[in-house]
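Have a look at the structure below before the remarks.
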Amino acid sequence: MQKNKIGAVVFAIKSFALLIVLAAAQQASPQNAATTSINMAPLDEYLTADRDAEIALARTAAPESISRDAEVLVLGRRGFESAVKGKNGFVCLVGRGWTSAADPDFWNPKVRVPMCANAAAARSYVLRMTKETELGLAGRTQAQINEAITAALAKKELPPMEPGAMCYMMGKQGYGGDSAPHWPSHLMFFYSDTDPAIWGANLPGSPVIAVADPTEHLTQFVIPVQKWADGTQALPATPHVHPSSNGAR
Amino acid sequence: MTRNKIHSILLSVFALVALVATQPAVAQDAQQSYPTMAPLDQYLMDRDAEIALARSAAPDAISRDASVVVLTRHGYETAVEGKNGWVCWVGRSWLAMFDHPEFWNPKVRAADCSNPPAARSVLPYVYKRTELLLAGHSKAEVIAAIKAAIDKKELPALESGTISYMMSKSSYLTDSGGHNMPHVMFYQAVKDGAAWGANLANSPIVGVNYWYLSTDAYPQLKFFPPLSVFLIGADKWSDGTSAPSM
């Protein structure tokens, strides 16, 4: 297979496809799954008019004991900008479709996925997210964004994942896209160039799911948790991995 | 969560994690219950039963191809050679923090399947500590020997991505509460749980220092490499049956 074709296959299924399967298992909303946002919508549709509402949504990703002292980023016309200075190293933000949804929802302007990244992820994974966001807001296509990220990694303009990089995604609110409206409550862990098998991920009975994207040199592990950030009980999320998204390509 | 509550929740290091928040008085009682090592036979078990218990720490998809080590009178030894790099084993109480009140609890059987990075960079500490203690060395001597081995690089640095599964329905982790719970464990070269937001209200992550509850009893542990253990509860046991909510 040619290099370009390999790349196309890899990028066709972003890491969040795994969670889509999780979410779909919980919500069974296949009637929504067919919606595809092919082109970028008007910029204003990706922005949240109420800055305070975006701050509040971002903070729902982690327990208040963490998010209250976190820095909060909000989306501006050119990218994420700091809205609240933090003091515990965590960074909370609301991801949009180009970073935080499956491919069919890449340009879906309704996507709002809150996350709170720890300091190690803020210095590595979030930098990648913010770069992708700037490119998305500049109107680059999905392929162009992927290409730019790959190039930035090769030139070391973007760092590898730091040891211990992880994030909380335990928010009840937000919108994951038409194909998976609501993510299950979960934690994510970020590694560079790591085989999912190292954690026993994606095997029957394992509580860990993962996907490796060799082009982006990124492996993301997901562990569902039993409660939402506010302490209420979450629905059980049984890992179920689609055969084509196991990172083995 | 208060420091004391965290201490009474956790019986950690390598594998042993207690699960129920109890009052500080419980730790006091436990300390009086296990002041010294029990007769060695109380820590040993039938070899086949130990192999089966060790494997029950992880889903069969992982443990069936794992190596299995079992405890003998002189330390851990390989009973089954694996082929996927994972190592399953049954932890004993002395693998908890050096000042943990259940350090000599002979009832503890903590089934664990360690992934390849943990097998390479965590289990050598398990083996070393066990061999020294079974040879009759005091805790202070063991601490000194481990520190010397670290300094001489005879014991490895922690590898990235170390994790272990502790999802056995048959483990006995502590005298506290229900004695057991399914979880995955992570090792990180940090001194406390702040980096992951552990131990905070509504956080699903519990974290504890690998070496000690406090450095009062063994102040030399302050000079050990920073190492913390984090656990995240699972909602199922390794056999796929549902577990009680944490």
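Chain labels A, B, ... are given in the sequence in which chains occur in the structure tokens; within each chain residues are numbered consecutively from 1, and ligands are likewise numbered from 1 in the order shown.
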
Taking 4 positions as the minimum chain separation for residues in the same chain, which residues sit within 6 Å of stretch 157-170 of chain B when counting only C-alpha atoms? Answer as a ChimeraX atom specification. /B:56-58,112-115,117-118,121,182-187,237-238

A:Leu47 surroundings by only C-alpha atoms, 12 Å radius, close-in-sequence under 6 positions cut, as a count of residues only: 20

Contacts between chain B and chain A, please, where a residue of chain A counts if it comes within 7 Å (with only C-alpha atoms); show its shortest atom pair and distance in Å to one decimal, rows by chain and ascending number, as a Markdown table.
| residue | atom | partner | partner_atom | distance |
| --- | --- | --- | --- | --- |
| A:Pro63 | CA | B:Asn202 | CA | 5.7 |
| A:Ser65 | CA | B:Ala201 | CA | 5.7 |
| A:Ile66 | CA | B:Gly197 | CA | 6.4 |
| A:Asn118 | CA | B:Trp196 | CA | 6.4 |
| A:Pro163 | CA | B:Ser160 | CA | 6.8 |
| A:Gly164 | CA | B:Gln188 | CA | 7.0 |
| A:Ile198 | CA | B:Asn115 | CA | 6.4 |
| A:Trp199 | CA | B:Asn115 | CA | 6.4 |
| A:Gly200 | CA | B:Ile62 | CA | 6.5 |
| A:Leu203 | CA | B:Ala61 | CA | 6.2 |
| A:Pro204 | CA | B:Ala61 | CA | 6.2 |
| A:Gly205 | CA | B:Pro59 | CA | 5.3 |
| A:Ser206 | CA | B:Pro59 | CA | 6.3 |
| A:Pro207 | CA | B:Ala234 | CA | 6.6 |
| A:Val225 | CA | B:Pro204 | CA | 6.8 |
| A:Ala229 | CA | B:Asn202 | CA | 6.5 |
| A:Asp230 | CA | B:Asn202 | CA | 6.9 |
| A:Gly231 | CA | B:Asn202 | CA | 5.4 |

Looking only at the backbone, which of the residues in stretch 57-139 of chain B does DSSP tag as strand (DSSP E or B), as a PyMOL selection string? chain B and resi 67-71+76-80+87-91+109-114

Give the answer as one residue: which of B:Trp94, B:Ser176, B:Leu227, B:Leu221 has the shortest atom-to-atom distance to B:Pro35, using only C-alpha atoms? B:Trp94

Can you tell me, as a list of chain:residue names, what residues are no more than 6 Å from A:Ala210 when counting only C-alpha atoms, ignoring any on the same chain fewer than 5 positions away?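 Final neighbour list, sorted by chain and number: A:Pro196, A:Ala201, A:Gln220, A:Phe221, A:Val222.
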
Using DSSP on the backbone coordinates, identify the residues of stretch 23-244 of chain B assigned to alpha helix (DSSP H); present them as a PyMOL selection string. chain B and resi 24-33+47-55+60-63+116-121+123-134+139-151

I'd like the interatomic distance between atom CA of B:Asn105 and atom CA of B:Thr174, to a tenth of an Å.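 For atom CA of B:Asn105 relative to atom CA of B:Thr174, the distance reads 8.2 Å.
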
Shell of 10 Å around B:Lys83, only C-alpha atoms, local chain residues under 6 positions omitted, as a ChimeraX atom specification: /B:64-67

Since we have the selection now, will you write its residues out, keeping N, CA and C atoms, as a PDB file, in the first residue's frame?
ATOM      1  N   ARG B  64      -3.744 -15.659  30.194  1.00  0.00           N
ATOM      2  CA  ARG B  64      -3.471 -17.016  29.703  1.00  0.00           C
ATOM      3  C   ARG B  64      -2.099 -17.130  29.059  1.00  0.00           C
ATOM      4  N   ASP B  65      -1.579 -16.028  28.544  1.00  0.00           N
ATOM      5  CA  ASP B  65      -0.251 -16.065  27.912  1.00  0.00           C
ATOM      6  C   ASP B  65       0.823 -15.398  28.775  1.00  0.00           C
ATOM      7  N   ALA B  66       0.472 -15.088  30.002  1.00  0.00           N
ATOM      8  CA  ALA B  66       1.422 -14.411  30.897  1.00  0.00           C
ATOM      9  C   ALA B  66       2.328 -15.412  31.601  1.00  0.00           C
ATOM     10  N   SER B  67       3.497 -14.938  31.995  1.00  0.00           N
ATOM     11  CA  SER B  67       4.298 -15.721  32.929  1.00  0.00           C
ATOM     12  C   SER B  67       3.633 -15.665  34.297  1.00  0.00           C
TER      13      SER B  67
END

Leaving out A:Leu93 and any residue of its chain fewer than 4 positions from it, which residues lie within 10 Å of it when counting only C-alpha atoms, given as a PyMOL selection string? chain A and resi 54-61+70-75+80-83+112-117+126

Output file for the selection above: C-alpha atoms, as a PDB file, in the first residue's frame:
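Final output, result-v5.pdb:
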ATOM      1  CA  GLU A  54     -18.008  28.147  27.829  1.00  0.00           C
ATOM      2  CA  ILE A  55     -15.897  28.511  30.956  1.00  0.00           C
ATOM      3  CA  ALA A  56     -18.538  26.741  32.992  1.00  0.00           C
ATOM      4  CA  LEU A  57     -18.885  23.949  30.436  1.00  0.00           C
ATOM      5  CA  ALA A  58     -15.124  23.438  30.285  1.00  0.00           C
ATOM      6  CA  ARG A  59     -15.012  23.045  34.033  1.00  0.00           C
ATOM      7  CA  THR A  60     -17.649  20.317  34.042  1.00  0.00           C
ATOM      8  CA  ALA A  61     -15.089  17.899  32.619  1.00  0.00           C
ATOM      9  CA  ALA A  70      -7.579  25.047  36.620  1.00  0.00           C
ATOM     10  CA  GLU A  71      -6.747  27.425  33.838  1.00  0.00           C
ATOM     11  CA  VAL A  72      -9.628  27.698  31.394  1.00  0.00           C
ATOM     12  CA  LEU A  73      -9.240  28.208  27.677  1.00  0.00           C
ATOM     13  CA  VAL A  74     -12.094  29.453  25.513  1.00  0.00           C
ATOM     14  CA  LEU A  75     -12.329  29.489  21.757  1.00  0.00           C
ATOM     15  CA  PHE A  80      -8.023  29.021  22.084  1.00  0.00           C
ATOM     16  CA  GLU A  81      -7.187  31.831  24.440  1.00  0.00           C
ATOM     17  CA  SER A  82      -6.779  31.875  28.176  1.00  0.00           C
ATOM     18  CA  ALA A  83      -9.904  33.124  29.935  1.00  0.00           C
ATOM     19  CA  ARG A 112     -18.795  20.783  22.378  1.00  0.00           C
ATOM     20  CA  VAL A 113     -16.610  18.321  24.292  1.00  0.00           C
ATOM     21  CA  PRO A 114     -15.252  19.513  27.634  1.00  0.00           C
ATOM     22  CA  MET A 115     -11.963  18.204  28.956  1.00  0.00           C
ATOM     23  CA  CYS A 116      -9.550  19.025  31.764  1.00  0.00           C
ATOM     24  CA  ALA A 117      -5.961  18.104  31.025  1.00  0.00           C
ATOM     25  CA  VAL A 126      -3.218  20.396  24.511  1.00  0.00           C
TER      26      VAL A 126
END

Quick one: pull the distance between atom CA of A:Asp193 and atom CA of A:Ala212, Å, one decimal.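 We find that atom CA of A:Asp193 and atom CA of A:Ala212 lie 7.4 Å from each other.
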
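Note that the spacing between atom CA of B:Lys191 and atom CA of B:Asn209 amounts to 6.1 Å.
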
For each of B:Met181, B:Leu231, B:Met37, B:Ala243, take the minimum atom-to-atom distance to B:Ser138, counting only C-alpha atoms, then give the residue where this is smallest. B:Met37
